[in-house]
Each structure stands twice: as structure tokens, then as C-alpha cells.
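**Student:** Structure incoming, see below.
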Amino acid sequence: MPTTPSLRSCVWNGTPHGPAAHIRAESLHITLGDRHVLNGVDVTVSAGSRLAIVGDNGRGKTTLLHVLAGILTPDSGAVTRVGSLVLVKQDMATEGNRTVGDLIAEATARSRSALQELDGTSAALAAGYDAADAYSAALETATLLDAWDAERRVDIALAGLDACSDRDRILSTLSVGQRYRVRLAVALGSAPELLLLDEPTNHLDAAGLSFLTERLQNHPGGLALVSHDRALLHDVATSFLDLDPTRDGLPRTYAGGYQGWIKGRQRERVTWEQDHAAQVAQHADLTRAAAEARSRLSQGGWRPDKGTGKHQRATRAAGVVQAFNRRVEDLERHEIDVPKPPLRLAWPTSSARPGHSIVNASMLTVEDRLATPVSVDVSGGDRLVVTGPNGAGKSTLLAVLGRRLDPSTGQLRVNPGAHIALLSQEVPDWDHSSPAHVAYETHLAKHGRRCQAPSLVSLGLLEASSRRTPVGRLSQGQQRRLHLALCLAQDPDLLLLDEPTNHLSSSLVDDITTELLHTSCAVVVATHDRQMLSDLADWPHLNLDPKDLP
């Protein structure tokens, strides 16, 4: 079993080695219970690396980062590390009474020590001692660390991420977001040769995201990151290690940046699906041939014409038996050795009619949640992106349009024949002890869609093995997929999506975005996701920032 990782949210390891710094992992395996979390992973992070570790929730991305950092030991495989590295984890341990200053001191300790060593050897030389070699070594270390600029780099990063710079502030008194920004800023400012980041865009605003992107692009050493932020992956990563299932069970590495990953994965997926389909079809043909041979044998379909001699009848009978045996042998020899490919999103065809009025909202407000009056009209086929800062009322507006919440003032008219589906950020009110397929069918029955709705598995959002899993035991990503399946199965005239990228893999979000561009139903999206905003840049936008509303 793998060892337990460190509780610290930032981990500093190693001594500087300049361009020779690297992490090399070979044939990593980790099993938790009966599940292979990592299976045969080979990866190298060196100077100039810009590696994104991607895959669906639960595929072992964070586990791999911890193994690379040396705080988790794999069941088998080898890891070598040369050079200084920093890992910034997702968790927000408060670490007792440690202060911002303590964290900065820890990050700059090697730089201070290198300068002290340099001062000491310099003084020894000045005093006439034979310290030339020691001085040269100390100077090389200080230069590799750029030790003279350590504190300034940290202060620049703290300012760039709008993080607390008060050295006396106790970390536990900061909010989760503030603590994370301090840790990330200190890690960036420490200028490690190898930088490992787990979801680094969490808790950052637009200015912080811009600063982080620039720093990572210009990082002189190696970088490996786990992120669901597709814009960051677009802008920073040059290679991708994909931990999602493959036909041989081994992870794949793709070059060529984000587009190289997308195209490479799609090519391999198409080949996998075609090969599996061909084998299934061949097996079906062999099964059918064996059944036909059996039928001829059992029903006497080989019976000869009248007047045929006894010898000829016997010869014909033996031939039919031999044909049957050959068919059975062919079937037994044939094996489907290409595993079944994972699910692919199957967006159902919409029956929504363009141009028909769905919602007319005039001067809507909701007390304490949507202060500035908002007016919006939505007809069949319309598109709208709702933007604005946190607290501006984006989720509230979608809840009102979806008839989950009544407005305090204003008028709301909804076409009584229109079907509206809302993918909210909150989990629907379903029985968490019910299996996923029961929750799905029960929800659709309430909306009059049980008979004609597609099956849960056919939508390609939840594996067949998860159908009988109680909803409460599904991961956040699986619950989000189930919620989306419920929305799509209702065949809505209007689909309301509140932060639809939350808890979903980058590849699935790409597929969803493609479908949104082509579906005939009306769509209203509220999102902060930078890549989705870029992909939907041609759609009309409604900004709920009070200073921008009329």
C-alpha cells in the first residue's frame, strides 16, 4: 500500500541542479482496494517541461503529483529526483499557528542559507584562508537559487495574486481562498527548478489568473500541473499525460499542446471504437452462422430430393454435420480482445421549435440576491451567456427563469407548454439512498418524460456499472453527470446551465460545448470558465455587474 502523504499544503524538496534538474518516474503502479489508480505510468519532468496531467475525476492525477514530489510511495515502480522542487496541493490545512512569515521563511530558507554560506566563505578568503573551492561552490549555489532576489520575488507574487503580505498574520485566520493565494504566491516566488501544481486556478480572480498564466509561461524550470481550467491548459501546457482509460490500460502522452492532445485522443478513440465494433460484428456473424448450421442439422434442412440413393444421403448428412462443427469451432476460436471503449456523450436530438416564445421577464429582482432589475426574453433557439462577479445574481436569475424561485418584483411570463431544464450548482432533491437509475427514472416521471426518454446509459454520461450505485455514493463528477443526463432527457425547449464546467473533465466539457453550438433548443449559460466564454464569444451576453446594467 502507498504511504500517507504529508499534511503540509506546500512541500519543498531537493537542492538546486540547474538545467540538470528533473523527475523521472518509470512503471508506476498504485492500487487502492481492488482499483488500479495508477497503472504503468512513465513520465519525465525536466527543464522546459510544460506537462499537464489530465483525466476524469478519480483517475489518479493528484496521486501522481504526490508520487512525483516524493510524499507518496507507489506500490511498484521507480522515481528519481534531481534538483529543487515545490508541490502546491489542493488541501487547505491550517498548520497550527504558523504565520504568513513562517511560510515565506520556509520558502526562502535555502536562499538565505546560500547567502550566509557565501558571506562566510568570502570572509574566510579575505582572512587569508584556503577557501576558494568553498567560495566557488557557495557562489554557484547562490546563483542557481538567484538568492539575492528571493524576498522580492515572493513580494511580487503576493501582490500579483492579491495575497496577504502581512508576515505576522496567522494562516488559520485567513479565508480558504486567501490561504491558498498566499501558498501559491510563496511557491511561485521561491523559484524552484521543478514546480508541481494541483488545481492552481482555484480561488483566483481574473487578475490572479492572468498573473499565474504569465508566471507559468515564463517559468525557467520544469512544470507539471493538474487543472480543469482549459484556458490555462491552452495557454501553458505543451504536452499532456492522459490517465483516462485506453485499449491497453496504459496512459498516453500527447505532444503538440492542447490541440495535439484533443486530436491525438480523438484519433485513438475512433480507431478503438472501430476495432471493437468490427470484432463485435464478426462475433455476431459467427454466432449467426453457427445458429443457422445448428438449425439445418436439427430440422433436417439437408434432406435430399426423392430418388437420391442411400450412399448419397449418408454423404450429405456427414457434410452438414461437418459444416456445423466448423461453424462452432470458428465461433469458439474467435475472441473479442479489444475492450469495450468508454462512453461517449450522446446528446439527444431536440424537438424544440425555433422562434416560439418561451420566457418573457421584465424588471426582475429578488430580495437580497438580485438587486438590480433585469429584463430578458428567450425564444426557441436563442442563445445567451450570463456573466458578472460572484454575488451579482447569475444563479438567482437562472433559478427564476427555471421557475425554481419566485421574483420579489417584476413580471415573469412562461409559455405553459414549454419545457425548461435547469442544471443548477446544487444537487437536485433526490433520494441519496436510491440507485442512480431509480433517481433518474423517478425524476423523469415527475416531468412526464418517462416513456419517451432515453435510457440513462444511452446518454453516455454515466457508466453502466454506476447505474445501481446509490446517488449518495457517487462522486461529485458522477452526480454532476447524472444531473446533466436528467436535464437532457427532458427534451427541454430551454436549457439553463449554471457553471456547467464544475466537476467535469476537460474532454467532456469540450464535447458539451460542441453540442451547445448545434442544439436546436434555447440555451442560457452562466459561467466564469474562461475557455467556455471564449468558445461562446459570439453569443449575446448579459452582464449582471451592477455598474454595467442600465
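Residues are named by chain letter and number: chains run A, B, ... in the order of the C-alpha cells, numbers start at 1 in each chain, and ligands are numbered from 1 in the order shown.
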Give me every strand (DSSP E) residue in region 176-217 of chain A, going by DSSP on the backbone, as JSON, numbers by chain.

**Tutor:** {"A": [194, 195, 196, 197, 198]}

**Student:** If we count only C-alpha atoms and set the cut-off at 7 Å, which residues sit around region 132-145 of chain A, ignoring sequence neighbours fewer than 2 positions away in its own chain? Please answer as a PDB file with C-alpha atoms, in the first residue's frame.

**Tutor:**
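Below you can see around03.pdb, which holds the result:
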```
ATOM      1  CA  PRO A  16      19.379  23.089  -6.982  1.00  0.00           C
ATOM      2  CA  GLY A  18      20.233  23.968 -12.755  1.00  0.00           C
ATOM      3  CA  SER A 111      18.385  31.261  -0.418  1.00  0.00           C
ATOM      4  CA  ALA A 114      23.229  30.113   0.496  1.00  0.00           C
ATOM      5  CA  LEU A 115      23.892  33.823   1.084  1.00  0.00           C
ATOM      6  CA  GLU A 117      27.486  30.448   3.224  1.00  0.00           C
ATOM      7  CA  LEU A 118      28.677  32.856   0.555  1.00  0.00           C
ATOM      8  CA  THR A 121      33.460  31.786   2.595  1.00  0.00           C
ATOM      9  CA  SER A 122      34.035  35.308   1.330  1.00  0.00           C
ATOM     10  CA  LEU A 125      39.070  34.242   1.730  1.00  0.00           C
ATOM     11  CA  ASP A 130      42.254  28.441   1.675  1.00  0.00           C
ATOM     12  CA  ALA A 147      19.241  34.001  -3.766  1.00  0.00           C
TER      13      ALA A 147
END
```

**Student:** Write out as a list of chain:residue names the residues lying within 9 Å of Ile30 (chain A), counting only C-alpha atoms and excluding same-chain residues fewer than 3 positions away.

**Tutor:**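 Using only C-alpha atoms, the neighbours found are A:Met1, A:Pro2, A:Arg35, A:His36, A:Val37, A:Leu38, A:Asn39, A:Gly60, A:Thr63, A:Thr73, A:Pro74, A:Asp75, A:Ser76.
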
**Student:** Find the spatial neighbours of Leu456 (chain A), counting only C-alpha atoms, within a cut-off of 8 Å - ignore same-chain residues fewer than 5 positions away - and output them as a PyMOL selection string.

**Tutor:** chain A and resi 437+440+461-462+467+485

**Student:** Emit the selected residues as a compact mmCIF listing (two decimals), in the first residue's frame, including C-alpha atoms.

**Tutor:**
```txt
# COMPACT_ATOMS: atom_id res chain seq x y z
CA HIS A 437 -31.11 4.70 -12.41
CA TYR A 440 -33.18 9.17 -12.96
CA LEU A 461 -22.73 10.28 -19.19
CA LEU A 462 -22.70 7.52 -16.57
CA ARG A 467 -26.38 2.68 -12.57
CA ALA A 485 -28.45 13.47 -18.02
```

**Student:** Can you work out the spacing between CA of Pro220 (chain A) and CA of Pro192 (chain A) in Å, to one decimal?

**Tutor:** 9.0 Å

**Student:** Rank A:Gly260, A:His541, A:Arg530, A:Val338 by their smallest atom-to-atom distance to Ala206 (chain A), using only C-alpha atoms, and report the top residue only.

**Tutor:**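 Of A:Gly260, A:His541, A:Arg530, A:Val338, the one nearest Ala206 (chain A) is A:Arg530, counting only C-alpha atoms.
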
**Student:** For the alpha helix (DSSP H) assignment from backbone DSSP, which residues of region 176-354 of chain A qualify? Please present them as a PyMOL selection string.

**Tutor:** chain A and resi 176-189+206-217+230-236+257-299+310-333

**Student:** Take CA of Leu212 (chain A) and CA of Ala47 (chain A) and report the distance between them in Å, one decimal.

**Tutor:**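 Distance between the two atoms: 18.6 Å.
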
**Student:** So which one's closest to Thr246 (chain A), A:Lys61, A:Arg296, A:His22, A:Arg269? Using only C-alpha atoms, please.

**Tutor:**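 Nearest candidate to Thr246 (chain A) out of A:Lys61, A:Arg296, A:His22, A:Arg269: A:Arg269.
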
**Student:** Interatomic distance between CA of Glu273 (chain A) and CA of Val41 (chain A)?

**Tutor:**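 Atom-to-atom, CA of Glu273 (chain A) and CA of Val41 (chain A) are spaced 23.5 Å apart.
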